[in-house]
file my_file.cif (mmCIF, C-alpha atoms)
data_model
loop_
_atom_site.group_PDB
_atom_site.id
_atom_site.type_symbol
_atom_site.label_atom_id
_atom_site.label_comp_id
_atom_site.auth_asym_id
_atom_site.auth_seq_id
_atom_site.Cartn_x
_atom_site.Cartn_y
_atom_site.Cartn_z
ATOM 1 C CA VAL A 1 -55.772 -89.662 -83.325
ATOM 2 C CA MET A 2 -53.412 -86.732 -83.142
ATOM 3 C CA ALA A 3 -54.996 -83.297 -83.058
ATOM 4 C CA PHE A 4 -51.918 -81.360 -84.050
ATOM 5 C CA VAL A 5 -49.279 -82.022 -86.672
ATOM 6 C CA LEU A 6 -46.865 -80.040 -84.479
ATOM 7 C CA LEU A 7 -46.631 -82.891 -81.993
ATOM 8 C CA GLY A 8 -46.890 -85.463 -84.778
ATOM 9 C CA ALA A 9 -43.801 -84.025 -86.416
ATOM 10 C CA ILE A 10 -41.878 -84.186 -83.154
ATOM 11 C CA VAL A 11 -43.020 -87.741 -82.567
ATOM 12 C CA GLY A 12 -42.065 -88.826 -86.075
ATOM 13 C CA ALA A 13 -38.755 -87.018 -86.239
ATOM 14 C CA TRP A 14 -37.410 -88.405 -82.974
ATOM 15 C CA GLY A 15 -38.872 -91.898 -83.173
ATOM 16 C CA LEU A 16 -41.424 -91.316 -80.436
ATOM 17 C CA GLN A 17 -44.591 -93.389 -80.241
ATOM 18 C CA ARG A 18 -47.973 -92.598 -78.738
ATOM 19 C CA THR A 19 -51.005 -94.854 -78.576
ATOM 20 C CA PRO A 20 -53.842 -93.326 -80.625
ATOM 21 C CA THR A 21 -56.606 -92.033 -78.380
ATOM 22 C CA ALA A 22 -60.227 -91.338 -79.198
ATOM 23 C CA VAL A 23 -60.980 -87.665 -78.625
ATOM 24 C CA VAL A 24 -64.074 -85.519 -78.415
ATOM 25 C CA ALA A 25 -64.250 -82.012 -79.870
ATOM 26 C CA LYS A 26 -65.982 -79.534 -77.584
ATOM 27 C CA SER A 27 -67.317 -76.081 -78.354
ATOM 28 C CA PRO A 28 -65.463 -73.249 -76.615
ATOM 29 C CA SER A 29 -67.101 -71.650 -73.622
ATOM 30 C CA PRO A 30 -68.121 -67.984 -74.041
ATOM 31 C CA ALA A 31 -65.834 -67.065 -71.140
ATOM 32 C CA ALA A 32 -62.806 -68.703 -72.747
ATOM 33 C CA THR A 33 -63.457 -67.023 -76.084
ATOM 34 C CA ALA A 34 -64.054 -63.637 -74.524
ATOM 35 C CA SER A 35 -60.957 -63.779 -72.340
ATOM 36 C CA ALA A 36 -58.831 -64.656 -75.346
ATOM 37 C CA GLY A 37 -59.613 -61.417 -77.157
ATOM 38 C CA ALA A 38 -60.950 -59.030 -74.538
ATOM 39 C CA ASP A 39 -57.694 -57.157 -73.905
ATOM 40 C CA ALA A 40 -55.919 -56.025 -77.068
ATOM 41 C CA ARG A 41 -52.702 -55.448 -75.112
ATOM 42 C CA SER A 42 -52.458 -59.153 -74.311
ATOM 43 C CA THR A 43 -53.068 -60.442 -77.839
ATOM 44 C CA ARG A 44 -50.929 -60.821 -80.956
ATOM 45 C CA PRO A 45 -52.496 -61.322 -84.400
ATOM 46 C CA TYR A 46 -51.396 -64.207 -86.593
ATOM 47 C CA ARG A 47 -52.303 -65.670 -90.007
ATOM 48 C CA LEU A 48 -54.363 -68.810 -90.566
ATOM 49 C CA THR A 49 -55.450 -70.697 -93.691
ATOM 50 C CA VAL A 50 -58.138 -73.386 -93.911
ATOM 51 C CA LEU A 51 -57.026 -76.397 -95.960
ATOM 52 C CA SER A 52 -59.855 -78.056 -97.868
ATOM 53 C CA ALA A 53 -59.256 -81.327 -99.763
ATOM 54 C CA GLY A 54 -55.557 -80.568 -99.703
ATOM 55 C CA SER A 55 -55.978 -77.118 -101.267
ATOM 56 C CA PRO A 56 -55.497 -73.931 -99.230
ATOM 57 C CA GLY A 57 -58.308 -71.425 -98.962
ATOM 58 C CA PRO A 58 -57.835 -67.705 -98.403
ATOM 59 C CA THR A 59 -55.438 -66.650 -95.673
ATOM 60 C CA THR A 60 -57.133 -64.875 -92.775
ATOM 61 C CA SER A 61 -55.515 -62.492 -90.341
ATOM 62 C CA ILE A 62 -56.698 -63.486 -86.859
ATOM 63 C CA ALA A 63 -56.781 -60.216 -84.947
ATOM 64 C CA THR A 64 -59.755 -60.784 -82.609
ATOM 65 C CA ALA A 65 -61.699 -63.817 -81.380
ATOM 66 C CA VAL A 66 -64.491 -62.880 -83.797
ATOM 67 C CA ASP A 67 -62.170 -63.745 -86.684
ATOM 68 C CA CYS A 68 -62.281 -67.372 -85.490
ATOM 69 C CA ASP A 69 -66.076 -67.656 -85.821
ATOM 70 C CA PRO A 70 -66.090 -68.912 -89.456
ATOM 71 C CA LEU A 71 -64.004 -71.981 -88.577
ATOM 72 C CA PRO A 72 -66.110 -75.119 -88.972
ATOM 73 C CA THR A 73 -65.565 -76.885 -85.612
ATOM 74 C CA GLY A 74 -65.857 -75.842 -81.994
ATOM 75 C CA TRP A 75 -62.390 -77.184 -81.161
ATOM 76 C CA LEU A 76 -60.758 -75.134 -83.922
ATOM 77 C CA ARG A 77 -62.640 -71.983 -82.915
ATOM 78 C CA SER A 78 -61.476 -72.404 -79.319
ATOM 79 C CA PHE A 79 -57.904 -73.158 -80.409
ATOM 80 C CA CYS A 80 -57.935 -70.160 -82.762
ATOM 81 C CA ALA A 81 -59.097 -67.717 -80.082
ATOM 82 C CA LEU A 82 -56.696 -69.028 -77.445
ATOM 83 C CA THR A 83 -53.734 -68.737 -79.804
ATOM 84 C CA LEU A 84 -54.358 -64.977 -79.974
ATOM 85 C CA ARG A 85 -52.932 -64.584 -76.486
ATOM 86 C CA SER A 86 -49.535 -62.966 -76.666
ATOM 87 C CA ASP A 87 -47.552 -65.599 -74.763
ATOM 88 C CA TRP A 88 -47.827 -69.368 -74.393
ATOM 89 C CA ARG A 89 -47.742 -69.032 -70.585
ATOM 90 C CA ALA A 90 -51.007 -67.073 -70.708
ATOM 91 C CA ILE A 91 -52.665 -70.023 -72.486
ATOM 92 C CA VAL A 92 -51.502 -73.245 -70.843
ATOM 93 C CA ALA A 93 -53.869 -74.590 -68.201
ATOM 94 C CA PRO A 94 -52.604 -75.810 -64.796
ATOM 95 C CA THR A 95 -53.229 -79.457 -65.693
ATOM 96 C CA ASP A 96 -51.929 -79.397 -69.274
ATOM 97 C CA PRO A 97 -50.890 -81.917 -70.400
ATOM 98 C CA PHE A 98 -51.247 -83.949 -67.218
ATOM 99 C CA ALA A 99 -54.996 -84.476 -67.551
ATOM 100 C CA GLU A 100 -56.127 -87.821 -68.862
ATOM 101 C CA PRO A 101 -57.363 -87.995 -72.480
ATOM 102 C CA PRO A 102 -59.391 -86.624 -74.110
ATOM 103 C CA ASN A 103 -58.718 -83.396 -72.212
ATOM 104 C CA GLY A 104 -54.992 -83.952 -71.852
ATOM 105 C CA TYR A 105 -53.939 -85.087 -75.301
ATOM 106 C CA SER A 106 -56.469 -82.999 -77.233
ATOM 107 C CA SER A 107 -56.536 -79.976 -74.956
ATOM 108 C CA ALA A 108 -57.180 -76.795 -76.944
ATOM 109 C CA THR A 109 -55.184 -74.822 -74.360
ATOM 110 C CA TRP A 110 -52.133 -77.055 -74.662
ATOM 111 C CA PHE A 111 -52.134 -77.084 -78.461
ATOM 112 C CA ALA A 112 -52.709 -73.324 -78.563
ATOM 113 C CA SER A 113 -49.743 -72.896 -76.189
ATOM 114 C CA MET A 114 -47.544 -74.901 -78.541
ATOM 115 C CA ALA A 115 -48.887 -72.961 -81.517
ATOM 116 C CA ARG A 116 -48.132 -69.569 -79.955
ATOM 117 C CA ALA A 117 -44.598 -70.684 -79.102
ATOM 118 C CA ALA A 118 -44.129 -71.945 -82.673
ATOM 119 C CA ILE A 119 -45.487 -68.701 -84.161
ATOM 120 C CA ASP A 120 -43.112 -66.643 -82.023
ATOM 121 C CA GLY A 121 -40.159 -69.031 -82.117
ATOM 122 C CA ASP A 122 -40.214 -68.956 -78.305
ATOM 123 C CA PRO A 123 -37.728 -71.539 -76.952
ATOM 124 C CA THR A 124 -38.883 -71.153 -73.339
ATOM 125 C CA LEU A 125 -41.752 -73.591 -73.942
ATOM 126 C CA CYS A 126 -39.240 -76.408 -74.343
ATOM 127 C CA SER A 127 -38.005 -76.142 -70.742
ATOM 128 C CA ASP A 128 -41.495 -76.253 -69.256
ATOM 129 C CA VAL A 129 -42.394 -79.464 -67.440
ATOM 130 C CA THR A 130 -45.529 -79.850 -69.554
ATOM 131 C CA MET A 131 -43.598 -80.160 -72.802
ATOM 132 C CA ARG A 132 -40.883 -82.318 -71.280
ATOM 133 C CA ALA A 133 -43.384 -84.719 -69.715
ATOM 134 C CA TRP A 134 -45.458 -84.971 -72.891
ATOM 135 C CA LEU A 135 -42.494 -85.746 -75.107
ATOM 136 C CA THR A 136 -41.307 -88.311 -72.575
ATOM 137 C CA ALA A 137 -44.747 -89.952 -72.573
ATOM 138 C CA GLY A 138 -44.620 -90.029 -76.367
ATOM 139 C CA SER A 139 -41.298 -91.860 -76.237
ATOM 140 C CA GLY A 140 -43.064 -95.033 -75.063
ATOM 141 C CA HIS A 141 -41.965 -94.737 -71.430
ATOM 142 C CA GLY A 142 -42.920 -97.848 -69.502
ATOM 143 C CA SER A 143 -43.377 -100.105 -72.519
ATOM 144 C CA ALA A 144 -41.049 -103.005 -73.186
ATOM 145 C CA PRO A 145 -38.855 -102.544 -76.296
ATOM 146 C CA THR A 146 -39.133 -105.036 -79.102
ATOM 147 C CA THR A 147 -36.463 -107.741 -79.361
ATOM 148 C CA GLY A 148 -33.237 -106.417 -80.813
ATOM 149 C CA PHE A 149 -34.368 -102.789 -80.597
ATOM 150 C CA THR A 150 -32.498 -100.251 -78.502
ATOM 151 C CA PRO A 151 -34.418 -96.987 -78.215
ATOM 152 C CA ALA A 152 -32.471 -93.785 -78.750
ATOM 153 C CA PRO A 153 -32.012 -91.568 -75.693
ATOM 154 C CA VAL A 154 -34.818 -89.069 -75.257
ATOM 155 C CA HIS A 155 -33.763 -85.483 -74.624
ATOM 156 C CA PRO A 156 -37.085 -83.623 -74.655
ATOM 157 C CA ILE A 157 -35.772 -80.061 -74.474
ATOM 158 C CA ALA A 158 -33.380 -80.628 -77.374
ATOM 159 C CA ALA A 159 -36.110 -82.382 -79.398
ATOM 160 C CA CYS A 160 -38.527 -79.496 -78.848
ATOM 161 C CA LEU A 161 -35.929 -76.891 -79.848
ATOM 162 C CA ASP A 162 -35.041 -78.804 -82.996
ATOM 163 C CA PHE A 163 -38.685 -78.911 -83.993
ATOM 164 C CA LEU A 164 -39.242 -75.188 -83.376
ATOM 165 C CA ARG A 165 -36.212 -74.401 -85.544
ATOM 166 C CA ALA A 166 -37.451 -76.652 -88.341
ATOM 167 C CA THR A 167 -40.905 -75.057 -88.144
ATOM 168 C CA ALA A 168 -39.457 -71.544 -88.237
ATOM 169 C CA ALA A 169 -37.379 -72.451 -91.283
ATOM 170 C CA LYS A 170 -40.435 -73.861 -93.073
ATOM 171 C CA GLY A 171 -42.596 -70.870 -92.175
ATOM 172 C CA THR A 172 -45.851 -72.742 -91.449
ATOM 173 C CA PHE A 173 -47.284 -75.625 -89.454
ATOM 174 C CA THR A 174 -50.573 -77.525 -89.642
ATOM 175 C CA VAL A 175 -53.268 -78.005 -87.013
ATOM 176 C CA THR A 176 -56.011 -80.638 -87.233
ATOM 177 C CA ASP A 177 -59.159 -80.672 -85.137
ATOM 178 C CA PRO A 178 -59.331 -83.790 -82.906
ATOM 179 C CA ALA A 179 -61.933 -85.539 -85.026
ATOM 180 C CA GLY A 180 -59.701 -85.176 -88.078
ATOM 181 C CA GLN A 181 -62.316 -83.187 -89.939
ATOM 182 C CA VAL A 182 -60.496 -80.001 -90.923
ATOM 183 C CA ASP A 183 -56.873 -78.918 -91.254
ATOM 184 C CA VAL A 184 -55.700 -75.345 -90.853
ATOM 185 C CA GLN A 185 -52.270 -73.950 -91.629
ATOM 186 C CA VAL A 186 -50.720 -71.343 -89.327
ATOM 187 C CA ALA A 187 -47.976 -68.957 -90.443
ATOM 188 C CA VAL A 188 -44.838 -68.430 -88.358
ATOM 189 C CA ASP A 189 -43.618 -64.901 -87.604
ATOM 190 C CA PRO A 190 -40.680 -63.759 -89.765
ATOM 191 C CA ASP A 191 -38.466 -63.254 -86.703
ATOM 192 C CA ALA A 192 -39.205 -66.694 -85.239
ATOM 193 C CA ALA A 193 -36.009 -68.255 -86.626
ATOM 194 C CA ALA A 194 -33.810 -65.656 -84.952
ATOM 195 C CA ARG A 195 -35.618 -66.003 -81.634
ATOM 196 C CA VAL A 196 -35.501 -69.780 -81.402
ATOM 197 C CA ALA A 197 -31.845 -69.775 -82.459
ATOM 198 C CA ASP A 198 -31.045 -68.176 -79.086
ATOM 199 C CA GLY A 199 -32.346 -71.208 -77.209
ATOM 200 C CA SER A 200 -30.106 -74.090 -76.200
ATOM 201 C CA ALA A 201 -30.693 -77.355 -74.374
ATOM 202 C CA PRO A 202 -29.032 -77.637 -70.953
ATOM 203 C CA ALA A 203 -26.562 -80.375 -70.113
ATOM 204 C CA LEU A 204 -29.251 -81.879 -67.870
ATOM 205 C CA ASP A 205 -31.981 -82.889 -70.323
ATOM 206 C CA PRO A 206 -33.345 -86.258 -69.128
ATOM 207 C CA LYS A 207 -36.735 -87.825 -69.617
ATOM 208 C CA LEU A 208 -39.351 -86.517 -67.191
ATOM 209 C CA VAL A 209 -42.271 -88.566 -65.885
ATOM 210 C CA CYS A 210 -44.889 -86.450 -64.145
ATOM 211 C CA GLY A 211 -48.652 -86.721 -64.063
ATOM 212 C CA PRO A 212 -51.850 -86.674 -61.986
ATOM 213 C CA PRO A 213 -52.421 -86.038 -59.162
ATOM 214 C CA LEU A 214 -49.389 -83.742 -59.341
ATOM 215 C CA THR A 215 -50.081 -80.315 -60.807
ATOM 216 C CA ARG A 216 -47.843 -78.557 -63.302
ATOM 217 C CA ASP A 217 -46.624 -76.170 -60.595
ATOM 218 C CA ALA A 218 -45.870 -78.950 -58.119
ATOM 219 C CA CYS A 219 -43.967 -80.919 -60.739
ATOM 220 C CA ALA A 220 -41.865 -77.878 -61.605
ATOM 221 C CA ARG A 221 -40.965 -77.300 -57.963
ATOM 222 C CA LEU A 222 -40.011 -80.949 -57.483
ATOM 223 C CA VAL A 223 -37.746 -80.813 -60.536
ATOM 224 C CA ASP A 224 -36.059 -77.584 -59.420
ATOM 225 C CA ALA A 225 -35.437 -78.814 -55.876
ATOM 226 C CA VAL A 226 -34.079 -82.217 -56.887
ATOM 227 C CA THR A 227 -31.937 -80.809 -59.684
ATOM 228 C CA THR A 228 -30.215 -78.553 -57.165
ATOM 229 C CA ALA A 229 -29.818 -81.381 -54.638
ATOM 230 C CA LEU A 230 -28.175 -83.655 -57.220
ATOM 231 C CA GLY A 231 -25.165 -81.384 -57.529
ATOM 232 C CA SER A 232 -22.313 -83.049 -59.449
ATOM 233 C CA ARG A 233 -24.453 -86.109 -60.202
ATOM 234 C CA GLN A 234 -26.563 -84.171 -62.697
ATOM 235 C CA SER A 235 -24.434 -85.299 -65.632
ATOM 236 C CA GLY A 236 -25.426 -88.937 -65.160
ATOM 237 C CA VAL A 237 -29.194 -88.470 -64.905
ATOM 238 C CA GLU A 238 -31.260 -90.374 -67.475
ATOM 239 C CA GLN A 239 -34.771 -89.921 -66.081
ATOM 240 C CA LEU A 240 -36.657 -88.018 -63.404
ATOM 241 C CA SER A 241 -39.839 -89.675 -62.106
ATOM 242 C CA ALA A 242 -42.051 -87.519 -59.879
ATOM 243 C CA TYR A 243 -44.460 -88.809 -57.233
ATOM 244 C CA ALA A 244 -47.219 -87.019 -55.358
ATOM 245 C CA GLN A 245 -46.205 -88.731 -52.091
ATOM 246 C CA PRO A 246 -42.790 -88.888 -50.399
ATOM 247 C CA ILE A 247 -40.796 -92.010 -51.186
ATOM 248 C CA GLY A 248 -38.795 -92.579 -48.016
ATOM 249 C CA CYS A 249 -41.272 -91.543 -45.358
ATOM 250 C CA SER A 250 -44.743 -93.000 -45.569
ATOM 251 C CA THR A 251 -47.187 -95.235 -43.726
ATOM 252 C CA PRO A 252 -50.073 -97.289 -45.064
ATOM 253 C CA VAL A 253 -52.420 -94.423 -44.216
ATOM 254 C CA THR A 254 -50.630 -91.075 -44.399
ATOM 255 C CA PRO A 255 -47.087 -89.806 -44.982
ATOM 256 C CA CYS A 256 -44.894 -88.988 -42.014
ATOM 257 C CA PRO A 257 -44.908 -85.386 -40.784
ATOM 258 C CA PRO A 258 -42.531 -83.289 -42.915
ATOM 259 C CA PRO A 259 -39.607 -81.459 -41.325
ATOM 260 C CA GLY A 260 -40.351 -78.148 -39.697
ATOM 261 C CA GLY A 261 -44.067 -78.789 -39.528
ATOM 262 C CA GLY A 262 -44.532 -77.937 -43.191
ATOM 263 C CA ARG A 263 -45.938 -80.153 -45.896
ATOM 264 C CA TRP A 264 -44.698 -82.675 -48.417
ATOM 265 C CA LEU A 265 -44.558 -81.612 -52.056
ATOM 266 C CA GLY A 266 -43.824 -85.183 -53.129
ATOM 267 C CA GLY A 267 -40.914 -87.421 -54.000
ATOM 268 C CA MET A 268 -38.720 -88.107 -56.996
ATOM 269 C CA ALA A 269 -36.812 -91.147 -58.208
ATOM 270 C CA VAL A 270 -33.723 -90.330 -60.270
ATOM 271 C CA SER A 271 -32.358 -92.914 -62.717
ATOM 272 C CA LEU A 272 -28.600 -92.592 -63.085
ATOM 273 C CA GLY A 273 -28.072 -95.481 -65.505
ATOM 274 C CA GLY A 274 -26.813 -98.972 -64.865
ATOM 275 C CA ASN A 275 -29.865 -99.733 -62.708
ATOM 276 C CA VAL A 276 -28.746 -97.096 -60.203
ATOM 277 C CA VAL A 277 -31.672 -95.140 -58.768
ATOM 278 C CA VAL A 278 -31.552 -92.543 -56.024
ATOM 279 C CA ALA A 279 -34.565 -90.897 -54.435
ATOM 280 C CA PHE A 280 -35.477 -87.611 -52.808
ATOM 281 C CA ASP A 281 -38.374 -86.410 -50.682
ATOM 282 C CA VAL A 282 -39.235 -82.740 -51.096
ATOM 283 C CA ALA A 283 -40.906 -80.654 -48.371
ATOM 284 C CA ASP A 284 -42.100 -77.064 -48.093
ATOM 285 C CA ALA A 285 -41.657 -75.628 -44.596
ATOM 286 C CA GLY A 286 -42.681 -71.994 -44.419
ATOM 287 C CA GLY A 287 -41.746 -71.361 -48.023
ATOM 288 C CA GLN A 288 -38.361 -73.050 -47.628
ATOM 289 C CA ILE A 289 -38.258 -75.972 -50.059
ATOM 290 C CA THR A 290 -35.819 -78.753 -49.219
ATOM 291 C CA ALA A 291 -34.941 -82.011 -50.981
ATOM 292 C CA VAL A 292 -33.594 -84.771 -48.764
ATOM 293 C CA GLU A 293 -32.042 -87.917 -50.220
ATOM 294 C CA VAL A 294 -33.727 -91.098 -48.968
ATOM 295 C CA PRO A 295 -33.345 -94.813 -49.665
ATOM 296 C CA PHE A 296 -35.104 -95.856 -52.843
ATOM 297 C CA LYS A 297 -37.887 -98.401 -52.374
ATOM 298 C CA PRO A 298 -38.833 -99.904 -55.756
#
call {"tool": "encode", "arguments": {"input": "my_file.cif", "output": "structure tokens"}}
result
Amino acid sequence: VMAFVLLGAIVGAWGLQRTPTAVVAKSPSPAATASAGADARSTRPYRLTVLSAGSPGPTTSIATAVDCDPLPTGWLRSFCALTLRSDWRAIVAPTDPFAEPPNGYSSATWFASMARAAIDGDPTLCSDVTMRAWLTAGSGHGSAPTTGFTPAPVHPIAACLDFLRATAAKGTFTVTDPAGQVDVQVAVDPDAAARVADGSAPALDPKLVCGPPLTRDACARLVDAVTTALGSRQSGVEQLSAYAQPIGCSTPVTPCPPPGGGRWLGGMAVSLGGNVVVAFDVADAGGQITAVEVPFKP
């Protein structure tokens, strides 16, 4: 069950697959609703239409969290209020979308983050590890391909940018509450097309595998450190796979002490194609983050 046609369109357009997951709609907490609309300087109004039996109802301007109260489900009311925040970064939760379903794949914060980026035409969402990891997961990572089928390369940043441009050109996108009860249509800002046109995918745009117990912040730091350490080998990277523990220095009980008396951030395996995999362990010693290449142990 997909809660948001935004992701569904990405999945369909780029041949990505995701196993349907049962989800549970939850009512928003008073604190979450209040924080979404408490400070007018941190909010940006948008337009929303409830779709009933395929026919649109009146369009509502969502200017405060109170405007979300008439929506018929708790999930939609929470999503509606969160989307008021002026930037997707102010919405996304630390674990999105790394939490296990139903919270991960039907998270109101994650879908509201995507919605705000789509409304604004903000291409910066596409480079975030959350979006890259989710699109990679949707590509069927880890599943065996069917006989005679060669999956197309997955470039999550490029796929995300293409979708945002298509959404901006259309002018609207549709959101569905997790139980599939009600659809709402959200309008895109008129300047969204110009904004997203400024975004471009980098040459290094591989699949990214990252999940619990790693946090969003830890995953981002692993990616940054290893990307720098790869140097001229960046052009051949097909996939980055992050681990919460170091790869080359571990014992059955605890990892080896990191250099400089600091701490391990984790490890990363880098697929270069042709069954070539290199690995890095990443440590933080007094704020100095270092990535050291180590032998890969499959």
call {"tool": "residues_around", "arguments": {"input": "my_file.cif", "residues": "range 46-61 of chain A", "least_positions_apart": "5", "cutoff": "7 Å", "atoms": "all atoms listed in the file", "output": "PyMOL selection string"}}
result
chain A and resi 183-187
call {"tool": "closest_atom_pairs", "arguments": {"input": "my_file.cif", "of": "range 153-181 of chain A", "to": "range 123-143 of chain A", "cutoff": "9 Å", "atoms": "all atoms listed in the file", "output": "CSV"}}
result
residue,atom,partner,partner_atom,distance
A:Val154,CA,A:Thr136,CA,7.1
A:His155,CA,A:Thr136,CA,8.3
A:Pro156,CA,A:Arg132,CA,5.2
A:Ile157,CA,A:Cys126,CA,5.0
A:Ala158,CA,A:Cys126,CA,7.8
A:Ala159,CA,A:Leu135,CA,8.4
A:Cys160,CA,A:Cys126,CA,5.5
A:Leu161,CA,A:Pro123,CA,6.3
A:Leu164,CA,A:Pro123,CA,7.5
call {"tool": "axis_aligned_box", "arguments": {"input": "my_file.cif", "around": "range 186-205 of chain A", "padding_each_side": "5 Å", "output": "AutoDock Vina command-line options"}}
result
--center_x -38.6 --center_y -73.1 --center_z -79.2 --size_x 34.2 --size_y 29.6 --size_z 32.6
call {"tool": "resolve_selection", "arguments": {"input": "my_file.cif", "expression": "the PyMOL selection byres ((chain A and resi 168) around 9)", "output": "PyMOL selection string"}}
result
chain A and resi 118-121+163-167+169-173+188-194+196
call {"tool": "closest_residue", "arguments": {"input": "my_file.cif", "among": "A:Leu204, A:Cys249, A:Ala291, A:Val277", "to": "Val226 in chain A", "atoms": "all atoms listed in the file"}}
result
A:Ala291
call {"tool": "residues_around", "arguments": {"input": "my_file.cif", "residues": "Cys219 in chain A", "least_positions_apart": "6", "cutoff": "12 Å", "atoms": "all atoms listed in the file", "output": "PDB file with C-alpha atoms, in the coordinates of the input"}}
result
ATOM      1  CA  PRO A  94     -52.604 -75.810 -64.796  1.00  0.00           C
ATOM      2  CA  THR A  95     -53.229 -79.457 -65.693  1.00  0.00           C
ATOM      3  CA  ASP A  96     -51.929 -79.397 -69.274  1.00  0.00           C
ATOM      4  CA  PRO A  97     -50.890 -81.917 -70.400  1.00  0.00           C
ATOM      5  CA  PHE A  98     -51.247 -83.949 -67.218  1.00  0.00           C
ATOM      6  CA  ASP A 128     -41.495 -76.253 -69.256  1.00  0.00           C
ATOM      7  CA  VAL A 129     -42.394 -79.464 -67.440  1.00  0.00           C
ATOM      8  CA  THR A 130     -45.529 -79.850 -69.554  1.00  0.00           C
ATOM      9  CA  ARG A 132     -40.883 -82.318 -71.280  1.00  0.00           C
ATOM     10  CA  ALA A 133     -43.384 -84.719 -69.715  1.00  0.00           C
ATOM     11  CA  LEU A 208     -39.351 -86.517 -67.191  1.00  0.00           C
ATOM     12  CA  VAL A 209     -42.271 -88.566 -65.885  1.00  0.00           C
ATOM     13  CA  CYS A 210     -44.889 -86.450 -64.145  1.00  0.00           C
ATOM     14  CA  GLY A 211     -48.652 -86.721 -64.063  1.00  0.00           C
ATOM     15  CA  PRO A 212     -51.850 -86.674 -61.986  1.00  0.00           C
ATOM     16  CA  PRO A 213     -52.421 -86.038 -59.162  1.00  0.00           C
ATOM     17  CA  ALA A 225     -35.437 -78.814 -55.876  1.00  0.00           C
ATOM     18  CA  VAL A 226     -34.079 -82.217 -56.887  1.00  0.00           C
ATOM     19  CA  LEU A 240     -36.657 -88.018 -63.404  1.00  0.00           C
ATOM     20  CA  SER A 241     -39.839 -89.675 -62.106  1.00  0.00           C
ATOM     21  CA  ALA A 242     -42.051 -87.519 -59.879  1.00  0.00           C
ATOM     22  CA  TYR A 243     -44.460 -88.809 -57.233  1.00  0.00           C
ATOM     23  CA  ALA A 244     -47.219 -87.019 -55.358  1.00  0.00           C
ATOM     24  CA  GLN A 245     -46.205 -88.731 -52.091  1.00  0.00           C
ATOM     25  CA  LEU A 265     -44.558 -81.612 -52.056  1.00  0.00           C
ATOM     26  CA  GLY A 266     -43.824 -85.183 -53.129  1.00  0.00           C
ATOM     27  CA  GLY A 267     -40.914 -87.421 -54.000  1.00  0.00           C
ATOM     28  CA  MET A 268     -38.720 -88.107 -56.996  1.00  0.00           C
ATOM     29  CA  VAL A 282     -39.235 -82.740 -51.096  1.00  0.00           C
TER      30      VAL A 282
END
call {"tool": "closest_residue", "arguments": {"input": "my_file.cif", "among": "A:Asn275, A:Ser113, A:Thr215, A:Thr290", "to": "Glu238 in chain A", "atoms": "all atoms listed in the file"}}
result
A:Asn275
call {"tool": "atom_distance", "arguments": {"input": "my_file.cif", "atom1": "CA of Trp88 in chain A", "atom2": "CA of Ala112 in chain A"}}
result
7.5 Å
call {"tool": "atom_distance", "arguments": {"input": "my_file.cif", "atom1": "CA of Met114 in chain A", "atom2": "CA of Arg89 in chain A"}}
result
9.9 Å
call {"tool": "atom_distance", "arguments": {"input": "my_file.cif", "atom1": "CA of Trp75 in chain A", "atom2": "CA of Arg116 in chain A"}}
result
16.2 Å
